[in-house]
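Asker: This is target_24.cif, which holds mmCIF, C-alpha atoms:
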```
data_work
loop_
_atom_site.label_atom_id
_atom_site.label_comp_id
_atom_site.auth_asym_id
_atom_site.auth_seq_id
_atom_site.Cartn_x
_atom_site.Cartn_y
_atom_site.Cartn_z
CA MET A 732 42.79 200.88 169.23
CA ASN A 733 40.36 198.00 169.00
CA VAL A 734 41.24 194.41 169.75
CA ALA A 735 39.67 191.79 167.49
CA VAL A 736 39.96 188.40 169.16
CA LYS A 737 38.21 185.12 168.47
CA LYS A 738 36.87 183.79 171.78
CA THR A 739 34.79 180.78 172.66
CA ALA A 740 32.79 182.68 175.29
CA ILE A 741 31.83 186.15 176.38
CA GLN A 742 34.13 186.86 179.30
CA LYS A 743 33.74 189.16 182.31
CA THR A 744 37.13 190.77 181.71
CA ARG A 745 37.35 194.55 181.73
CA ILE A 746 38.54 196.61 178.76
CA PRO A 747 42.31 197.16 178.99
CA GLU A 748 43.19 200.67 180.14
CA SER A 749 45.06 201.16 176.86
CA ASN A 750 41.81 200.77 174.88
CA ILE A 751 38.65 202.83 174.41
CA PHE A 752 36.78 199.68 173.37
CA PHE A 753 37.29 196.24 171.98
CA ILE A 754 35.42 193.95 169.64
CA ARG A 755 35.38 190.15 169.76
CA GLU A 756 34.36 187.54 167.26
CA LEU A 757 32.68 184.56 168.91
CA HIS A 758 32.78 181.20 167.15
CA ASP A 759 31.91 177.99 168.95
CA ARG A 760 29.32 175.25 169.16
CA HIS A 761 27.26 177.37 171.55
CA PHE A 762 27.44 180.69 173.34
CA ASP A 763 28.74 180.94 176.90
CA PRO A 764 25.97 179.56 179.17
CA THR A 765 26.92 181.79 182.11
CA TRP A 766 24.61 184.45 183.55
CA HIS A 767 26.83 187.39 184.43
CA ALA A 768 27.18 191.18 184.44
CA HIS A 769 29.97 193.70 183.86
CA SER A 770 30.51 197.45 184.03
CA GLU A 771 30.96 197.97 180.27
CA TYR A 772 28.33 198.82 177.68
CA GLN A 773 27.79 195.87 175.33
CA LEU A 774 26.51 195.67 171.76
CA PHE A 775 25.95 192.03 170.79
CA LEU A 776 25.09 190.73 167.32
CA VAL A 777 24.07 187.10 166.80
CA VAL A 778 25.60 186.20 163.44
CA GLU A 779 24.53 182.56 163.54
CA GLY A 780 22.60 180.53 166.11
CA THR A 781 19.31 180.26 167.96
CA GLY A 782 18.32 180.10 171.62
CA THR A 783 16.94 182.10 174.51
CA LYS A 784 18.38 185.28 175.98
CA PHE A 785 17.94 186.17 179.63
CA ILE A 786 18.50 189.90 180.15
CA GLY A 787 17.76 191.22 183.62
CA ASN A 788 14.27 189.87 184.26
CA THR A 789 13.43 189.58 180.54
CA VAL A 790 13.25 186.26 178.68
CA LYS A 791 13.19 186.29 174.86
CA PRO A 792 14.22 183.99 171.99
CA PHE A 793 17.10 184.97 169.73
CA ASP A 794 17.98 184.06 166.15
CA SER A 795 20.55 185.07 163.55
CA GLY A 796 20.56 188.85 163.13
CA ASP A 797 19.43 189.54 166.70
CA LEU A 798 21.03 192.80 167.90
CA THR A 799 20.98 193.84 171.55
CA PHE A 800 22.54 196.87 173.24
CA LEU A 801 22.99 196.72 177.02
CA GLY A 802 24.02 199.28 179.58
CA PRO A 803 26.38 198.55 182.48
CA ASN A 804 25.64 195.96 185.17
CA ILE A 805 22.63 194.31 183.51
CA PRO A 806 22.96 190.55 184.10
CA HIS A 807 22.62 188.61 180.87
CA LEU A 808 22.91 185.20 179.27
CA TRP A 809 22.53 184.07 175.65
CA ARG A 810 21.63 180.40 176.10
CA SER A 811 21.89 178.43 172.86
CA ASP A 812 19.17 175.88 172.11
CA GLU A 813 19.71 172.42 173.54
CA CYS A 814 20.59 170.95 170.13
CA TYR A 815 23.82 173.02 170.17
CA PHE A 816 24.98 171.16 173.28
CA GLU A 817 24.51 167.67 171.86
CA PRO A 818 27.85 165.78 171.69
CA HIS A 819 27.86 165.12 167.95
CA SER A 820 26.09 168.27 166.84
CA GLU A 821 27.61 170.08 163.87
CA LYS A 822 25.75 173.28 164.65
CA ILE A 823 27.80 176.44 165.16
CA SER A 824 27.10 179.67 167.02
CA ARG A 825 28.77 182.87 165.87
CA GLY A 826 28.54 186.40 167.18
CA LEU A 827 30.16 189.82 167.31
CA VAL A 828 30.34 191.77 170.55
CA ILE A 829 31.60 195.30 171.20
CA TYR A 830 32.46 196.40 174.73
CA PHE A 831 33.17 200.01 175.64
CA ASN A 832 33.44 201.99 178.83
CA GLY A 833 31.28 205.10 179.12
CA ALA A 834 33.94 206.77 181.25
CA ALA A 835 36.31 206.67 178.27
CA LEU A 836 34.14 209.30 176.61
CA GLY A 837 35.14 211.71 179.37
CA GLN A 838 33.85 215.26 179.04
CA LEU A 839 32.85 214.74 175.40
CA ILE A 840 29.53 213.21 176.43
CA GLU A 841 28.58 216.50 178.15
CA LYS A 842 29.07 218.58 175.00
CA GLN A 843 26.15 219.68 172.85
CA GLU A 844 27.33 217.70 169.80
CA PHE A 845 26.93 214.50 171.81
CA ASP A 846 23.38 215.11 173.07
CA GLN A 847 21.92 212.27 170.98
CA LEU A 848 24.60 209.85 172.13
CA LYS A 849 24.06 210.82 175.76
CA THR A 850 20.33 210.11 175.33
CA LEU A 851 21.13 206.73 173.73
CA LEU A 852 23.38 205.70 176.61
CA GLU A 853 20.64 206.60 179.09
CA LYS A 854 18.10 204.50 177.18
CA ILE A 855 20.23 201.38 176.98
CA ARG A 856 20.51 201.24 180.76
CA ARG A 857 17.09 199.62 180.36
CA GLY A 858 18.32 197.25 177.63
CA MET A 859 17.55 197.77 173.95
CA GLU A 860 16.73 195.53 171.00
CA ILE A 861 17.46 197.02 167.57
CA HIS A 862 15.61 195.79 164.48
CA GLY A 863 14.82 196.61 160.86
CA GLU A 864 17.18 198.40 158.53
CA THR A 865 19.10 199.85 161.48
CA ALA A 866 20.03 196.36 162.66
CA ARG A 867 21.12 195.34 159.17
CA GLN A 868 23.28 198.45 158.70
CA THR A 869 24.78 198.08 162.16
CA ALA A 870 25.69 194.46 161.44
CA VAL A 871 27.59 195.53 158.31
CA LEU A 872 29.48 198.22 160.25
CA MET A 873 30.35 195.78 163.04
CA HIS A 874 31.81 193.29 160.55
CA GLU A 875 33.87 196.11 159.04
CA LEU A 876 35.07 197.25 162.47
CA VAL A 877 36.76 193.90 163.13
CA HIS A 878 39.39 194.72 160.51
CA LEU A 879 40.10 198.35 161.53
CA HIS A 880 42.70 199.73 163.91
CA GLY A 881 43.77 202.97 165.57
CA MET A 882 41.88 206.21 165.00
CA GLU A 883 40.00 204.70 162.06
CA SER A 884 38.45 202.10 164.36
CA VAL A 885 37.31 204.74 166.87
CA ILE A 886 35.71 206.83 164.11
CA HIS A 887 33.94 203.70 162.88
CA LEU A 888 32.65 202.97 166.40
CA PHE A 889 31.17 206.47 166.53
CA ARG A 890 29.48 205.83 163.18
CA ILE A 891 27.76 202.85 164.76
CA LEU A 892 26.74 204.80 167.84
CA ASP A 893 25.49 207.71 165.72
CA LEU A 894 23.38 205.33 163.62
CA LEU A 895 21.83 203.82 166.74
CA ALA A 896 21.33 207.23 168.39
CA GLN A 897 19.31 208.51 165.41
CA SER A 898 17.24 205.38 164.84
CA LYS A 899 13.68 204.75 165.96
CA GLU A 900 13.85 201.06 165.06
CA TYR A 901 14.21 199.71 168.57
CA HIS A 902 12.32 198.82 171.70
CA LEU A 903 13.43 198.84 175.31
CA LEU A 904 13.50 195.57 177.25
CA HIS A 905 12.49 197.04 180.60
CA ASP A 906 9.84 199.65 181.37
CA ASP A 907 12.00 201.13 184.10
CA MET A 908 15.73 201.16 184.70
CA VAL A 909 16.34 198.16 186.95
CA GLN A 910 19.26 198.25 189.36
CA TYR A 911 21.08 194.93 189.78
CA LYS A 912 23.59 194.57 192.58
CA LEU A 913 24.10 190.83 192.75
CA LYS A 914 27.07 189.17 194.37
CA ASP A 915 28.94 186.48 192.43
CA VAL A 916 27.41 183.72 194.52
CA GLU A 917 23.94 185.01 193.60
CA THR A 918 24.65 185.19 189.87
CA ASN A 919 26.03 181.65 190.11
CA ARG A 920 22.84 180.43 191.77
CA ILE A 921 20.56 182.10 189.25
CA ASN A 922 22.77 180.77 186.45
CA ILE A 923 22.20 177.21 187.69
CA VAL A 924 18.44 177.74 187.71
CA TYR A 925 18.32 179.43 184.29
CA ASN A 926 20.36 176.73 182.60
CA TYR A 927 18.38 173.93 184.22
CA ALA A 928 15.09 175.53 183.18
CA ALA A 929 16.33 176.18 179.63
CA LYS A 930 17.34 172.53 179.32
CA HIS A 931 14.26 170.94 180.87
CA PHE A 932 11.33 173.36 180.30
CA ARG A 933 9.71 170.92 177.86
CA TYR A 934 9.15 168.54 180.77
CA LYS A 935 7.52 168.88 184.15
CA ILE A 936 9.71 170.85 186.58
CA THR A 937 8.68 170.90 190.22
CA LEU A 938 9.58 173.56 192.75
CA GLU A 939 11.12 170.80 194.88
CA GLU A 940 13.62 169.66 192.25
CA VAL A 941 14.76 173.15 191.29
CA ALA A 942 15.06 174.16 194.96
CA ALA A 943 17.24 171.11 195.54
CA LEU A 944 19.72 172.44 192.96
CA LEU A 945 20.52 175.26 195.38
CA ASN A 946 20.15 173.15 198.53
CA MET A 947 17.11 175.16 199.57
CA THR A 948 13.64 174.29 200.72
CA PRO A 949 10.88 175.02 198.18
CA THR A 950 9.60 177.89 200.32
CA SER A 951 13.04 179.46 200.71
CA PHE A 952 13.84 179.04 197.03
CA SER A 953 10.54 180.55 195.96
CA ARG A 954 11.13 183.62 198.14
CA TYR A 955 14.77 183.90 197.00
CA PHE A 956 14.01 183.62 193.27
CA THR A 957 11.24 186.21 193.42
CA MET A 958 13.44 188.62 195.35
CA LYS A 959 16.35 188.31 192.87
CA THR A 960 14.41 188.26 189.59
CA SER A 961 11.22 190.23 190.39
CA LYS A 962 9.04 187.31 189.29
CA SER A 963 7.97 183.97 190.69
CA PHE A 964 9.59 180.80 189.39
CA SER A 965 6.27 179.55 188.01
CA TYR A 966 5.82 182.82 186.09
CA PHE A 967 9.38 182.61 184.77
CA LEU A 968 8.90 179.00 183.65
CA THR A 969 5.63 179.80 181.90
CA GLU A 970 7.27 182.78 180.20
CA LEU A 971 10.14 180.58 179.00
CA ARG A 972 7.66 178.08 177.55
CA ILE A 973 5.58 180.79 175.88
CA ARG A 974 8.67 182.34 174.28
CA ASN A 975 9.62 178.94 172.87
CA ALA A 976 6.11 178.53 171.51
CA CYS A 977 6.32 181.98 169.88
CA LYS A 978 9.52 180.99 168.13
CA GLN A 979 8.02 177.75 166.82
CA LEU A 980 4.75 179.38 165.73
CA SER A 981 6.67 181.85 163.58
CA THR A 982 9.19 179.41 162.11
CA GLU A 983 7.68 175.88 162.16
CA GLU A 984 4.75 176.10 159.76
CA ALA A 985 4.48 172.31 159.41
CA LYS A 986 3.82 171.79 163.12
CA THR A 987 0.29 171.98 164.50
CA ILE A 988 -0.50 174.25 167.41
CA ALA A 989 -1.14 171.16 169.53
CA GLN A 990 2.36 169.83 168.75
CA ILE A 991 3.92 173.16 169.68
CA CYS A 992 1.86 173.26 172.86
CA TYR A 993 3.20 169.93 174.13
CA GLU A 994 6.74 170.48 172.86
CA SER A 995 6.83 173.73 174.84
CA GLY A 996 6.02 172.00 178.11
CA PHE A 997 2.26 172.51 178.46
CA ASN A 998 0.08 169.60 179.51
CA THR A 999 -3.20 170.71 177.96
CA LEU A 1000 -4.12 172.73 174.89
CA SER A 1001 -6.69 174.75 176.82
CA ASN A 1002 -4.13 175.89 179.41
CA PHE A 1003 -1.65 176.70 176.64
CA ASN A 1004 -4.20 178.87 174.83
CA LYS A 1005 -5.12 180.65 178.05
CA GLN A 1006 -1.54 181.31 179.13
CA PHE A 1007 -0.49 182.35 175.61
CA LYS A 1008 -3.21 184.98 175.38
CA THR A 1009 -2.34 186.26 178.86
CA PHE A 1010 1.32 186.74 177.95
CA ILE A 1011 1.09 187.74 174.29
CA GLY A 1012 -2.34 189.35 174.04
CA MET A 1013 -3.60 187.11 171.24
CA THR A 1014 -4.29 183.43 170.65
CA PRO A 1015 -1.62 181.10 169.18
CA THR A 1016 -3.66 180.94 165.96
CA GLU A 1017 -3.77 184.73 165.68
CA TYR A 1018 -0.05 184.95 166.43
CA ARG A 1019 0.82 182.45 163.70
CA GLN A 1020 -1.47 184.18 161.22
CA LYS A 1021 0.27 187.47 161.96
CA PHE A 1022 3.59 186.04 160.77
CA LEU A 1023 2.13 184.22 157.77
CA THR A 1024 0.81 187.52 156.42
CA LEU A 1025 4.14 189.36 156.78
#
```
Represent the structure contained in this file as structure tokens.
Answerer:
Amino acid sequence: MNVAVKKTAIQKTRIPESNIFFIRELHDRHFDPTWHAHSEYQLFLVVEGTGTKFIGNTVKPFDSGDLTFLGPNIPHLWRSDECYFEPHSEKISRGLVIYFNGAALGQLIEKQEFDQLKTLLEKIRRGMEIHGETARQTAVLMHELVHLHGMESVIHLFRILDLLAQSKEYHLLHDDMVQYKLKDVETNRINIVYNYAAKHFRYKITLEEVAALLNMTPTSFSRYFTMKTSKSFSYFLTELRIRNACKQLSTEEAKTIAQICYESGFNTLSNFNKQFKTFIGMTPTEYRQKFLTL
């Protein structure tokens, strides 16, 4: 039986032993700004809202229709844009999330009929973004699943998994399967850094000020952050700024590239162009032109 519950945040709670899976409707001003991990598989659809998602050591923007499938124990955070946190904002964030435990599939997963599903579950241990017609069809099925119960809901879940298992409209978020074994205190520390960076990336952020958030010296913080995220803080911050620029280049046609450069936290246009090409493989102008011709 599924459990359809409206929640204001994605929680770390485990699936009840009486359930194979559950689905939650999320409806609040913003998504839960807490970096965390859990042992369940998670399929998350952004119904309404924009922001930045931090998945393992990947940083990417999200928008309405974004569909992400994660394997167990991958730390993640969907951080809504800053405008969603403003006191008098009327913006709303909505999502649908399905949690299920791979162990609930028992011996079925080892049977020949489930070969494609077994392959899918192996892939999503690296994190998966689904797009195109597959994402649109999956969104429809997820909305339908909210209203189903009992055996009918389980059959519907398998329809979703079968659709995803057969699709080629996806890309993996990590080149290799990354193992994360972070203690709660570590996820709390990284959460503080991620939220601070997401809020202030448009301005100058020094290593000293972010290290002070964790009561560390700059040298200790730099070593700690690299060890826990597999990237330096300066690389992470540049990546965050570039991803914001990508989002604006594809959606804010009225803004000049120079405006987007400075609003994304870069001090000079030349450095922005250089860093953008390093991360994305093309210039900001080429990137914008790519979307204008779609």
Asker: Expressed in Å to a single decimal, how great is the separation between CA of Val924 in chain A and CA of Phe964 in chain A?
Answerer: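 Pair CA of Val924 in chain A / CA of Phe964 in chain A returns 9.5 Å.
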Asker: Check the smallest atom-to-atom distance from each of A:Ile754, A:Leu938, A:Ile861, A:Leu945 to His880 in chain A using all atoms listed in the file, then report the winner.
Answerer: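 With all atoms listed in the file as the atom set, the closest residue is A:Ile754.
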Asker: Go ahead and find all residues with at least one atom no further than 12 Å from (24.9, 185.5, 186.8) in the file's coordinates, using only C-alpha atoms; report them as a ChimeraX atom specification.
Answerer: /A:742-743,763-769,785-788,804-809,911-926,959-960
Asker: Selection in question (the file shown): the PyMOL selection byres ((chain A and resi 900) around 10). Which residues does it include, as a list in words?
Answerer: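 Taken on the displayed file, the PyMOL selection byres ((chain A and resi 900) around 10) yields the residues Glu860, Ile861, His862, Gly863, Glu864, Thr865, Ala866, Leu895, Gln897, Ser898, Lys899, Tyr901 and His902 of chain A.
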Asker: In terms of the shortest atom-to-atom distance over all atoms listed in the file, which of A:Ile746, A:Ala834, A:Leu1023, A:Met947 is closest to Glu984 in chain A?
Answerer: A:Leu1023
Asker: Compile the contact shell of Val778 in chain A as number ranges by chain: residues with an atom at most 12 Å away, counting all atoms listed in the file, same-chain residues fewer than 6 positions apart removed.
Answerer: A: 756-759, 762, 793-798, 823-828, 866-867, 869-871, 873-874
Asker: Decode the PyMOL selection byres ((chain A and resi 1019) around 10) for the given file into explicit residues and return them as a ChimeraX atom specification.
Answerer: /A:977-984,988,1013-1018,1020-1024
Asker: Got a sec to check which residues sit within 6 Å of (21.5, 180.7, 172.1), counting all atoms listed in the file, and write them as a list in words?
Answerer: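 So the residues meeting the distance criterion are Thr781, Gly782, Thr783, Trp809, Arg810, Ser811 and Asp812 of chain A.
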Asker: Any chance you could work out the axis-aligned box around range 887-897 of chain A, listed atoms only, 4 Å on each side, giving centre and edge lengths in Å to one decimal, as AutoDock Vina command-line options?
Answerer:
```
--center_x 26.6 --center_y 205.7 --center_z 165.6 --size_x 22.6 --size_y 13.7 --size_z 13.5
```
Asker: Applied to the shown file, which residues does the PyMOL selection byres ((chain A and resi 1000-1002) around 12) return, written as a PDB file with C-alpha atoms, keeping the file's coordinate frame?
Answerer:
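Output below, filename part01.pdb:
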```pdb
ATOM      1  CA  THR A 969       5.630 179.800 181.900  1.00  0.00           C
ATOM      2  CA  ILE A 973       5.580 180.790 175.880  1.00  0.00           C
ATOM      3  CA  THR A 987       0.290 171.980 164.500  1.00  0.00           C
ATOM      4  CA  ILE A 988      -0.500 174.250 167.410  1.00  0.00           C
ATOM      5  CA  ALA A 989      -1.140 171.160 169.530  1.00  0.00           C
ATOM      6  CA  GLN A 990       2.360 169.830 168.750  1.00  0.00           C
ATOM      7  CA  ILE A 991       3.920 173.160 169.680  1.00  0.00           C
ATOM      8  CA  CYS A 992       1.860 173.260 172.860  1.00  0.00           C
ATOM      9  CA  TYR A 993       3.200 169.930 174.130  1.00  0.00           C
ATOM     10  CA  GLU A 994       6.740 170.480 172.860  1.00  0.00           C
ATOM     11  CA  SER A 995       6.830 173.730 174.840  1.00  0.00           C
ATOM     12  CA  GLY A 996       6.020 172.000 178.110  1.00  0.00           C
ATOM     13  CA  PHE A 997       2.260 172.510 178.460  1.00  0.00           C
ATOM     14  CA  ASN A 998       0.080 169.600 179.510  1.00  0.00           C
ATOM     15  CA  THR A 999      -3.200 170.710 177.960  1.00  0.00           C
ATOM     16  CA  PHE A1003      -1.650 176.700 176.640  1.00  0.00           C
ATOM     17  CA  ASN A1004      -4.200 178.870 174.830  1.00  0.00           C
ATOM     18  CA  LYS A1005      -5.120 180.650 178.050  1.00  0.00           C
ATOM     19  CA  GLN A1006      -1.540 181.310 179.130  1.00  0.00           C
ATOM     20  CA  PHE A1007      -0.490 182.350 175.610  1.00  0.00           C
ATOM     21  CA  LYS A1008      -3.210 184.980 175.380  1.00  0.00           C
ATOM     22  CA  THR A1009      -2.340 186.260 178.860  1.00  0.00           C
ATOM     23  CA  THR A1014      -4.290 183.430 170.650  1.00  0.00           C
ATOM     24  CA  PRO A1015      -1.620 181.100 169.180  1.00  0.00           C
TER      25      PRO A1015
END
```
Asker: In Å, rounded to a single decimal, give me how far CA of Phe831 in chain A is from CA of Glu844 in chain A.
Answerer: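 Computing the Euclidean distance for CA of Glu844 in chain A and CA of Phe831 in chain A yields 19.5 Å.
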Asker: What's around Leu774 in chain A at 6 Å? Count all atoms listed in the file, leave out sequence neighbours fewer than 3 positions away in its own chain, and write the answer as a PyMOL selection string.
Answerer: chain A and resi 799-800+828-829
Asker: Create the file for the chosen residues now, containing C-alpha atoms and written as a tab-separated table (two decimals), in the coordinates of the input.
Answerer:
```
chain	number	residue	atom	x	y	z
A	799	THR	CA	20.98	193.84	171.55
A	800	PHE	CA	22.54	196.87	173.24
A	828	VAL	CA	30.34	191.77	170.55
A	829	ILE	CA	31.60	195.30	171.20
```
Asker: Find the spatial neighbours of Gly833 in chain A, counting all atoms listed in the file, within a cut-off of 9 Å - ignore same-chain residues fewer than 4 positions away - and output them as a short mmCIF file (atom, residue, chain, number, x, y, z; two decimals) with C-alpha atoms, in the coordinates of the input.
Answerer:
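Writing done, so here's result08.cif:
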```cif
data_model
loop_
_atom_site.label_atom_id
_atom_site.label_comp_id
_atom_site.auth_asym_id
_atom_site.auth_seq_id
_atom_site.Cartn_x
_atom_site.Cartn_y
_atom_site.Cartn_z
CA GLU A 771 30.96 197.97 180.27
CA TYR A 772 28.33 198.82 177.68
CA PRO A 803 26.38 198.55 182.48
CA GLY A 837 35.14 211.71 179.37
CA ILE A 840 29.53 213.21 176.43
CA LEU A 852 23.38 205.70 176.61
#
```
Asker: Using all atoms listed in the file, which residue out of A:Leu904, A:Leu851, A:Val941, A:Ala929 lies closest to Ile891 in chain A?
Answerer: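 Looking only at the distances to Ile891 in chain A, the closest residue turns out to be A:Leu851.
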Asker: Expressed in Å to a single decimal, how great is the separation between CA of Ser965 in chain A and CA of Asp906 in chain A?
Answerer: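 Separating CA of Ser965 in chain A from CA of Asp906 in chain A is a distance of 21.5 Å.
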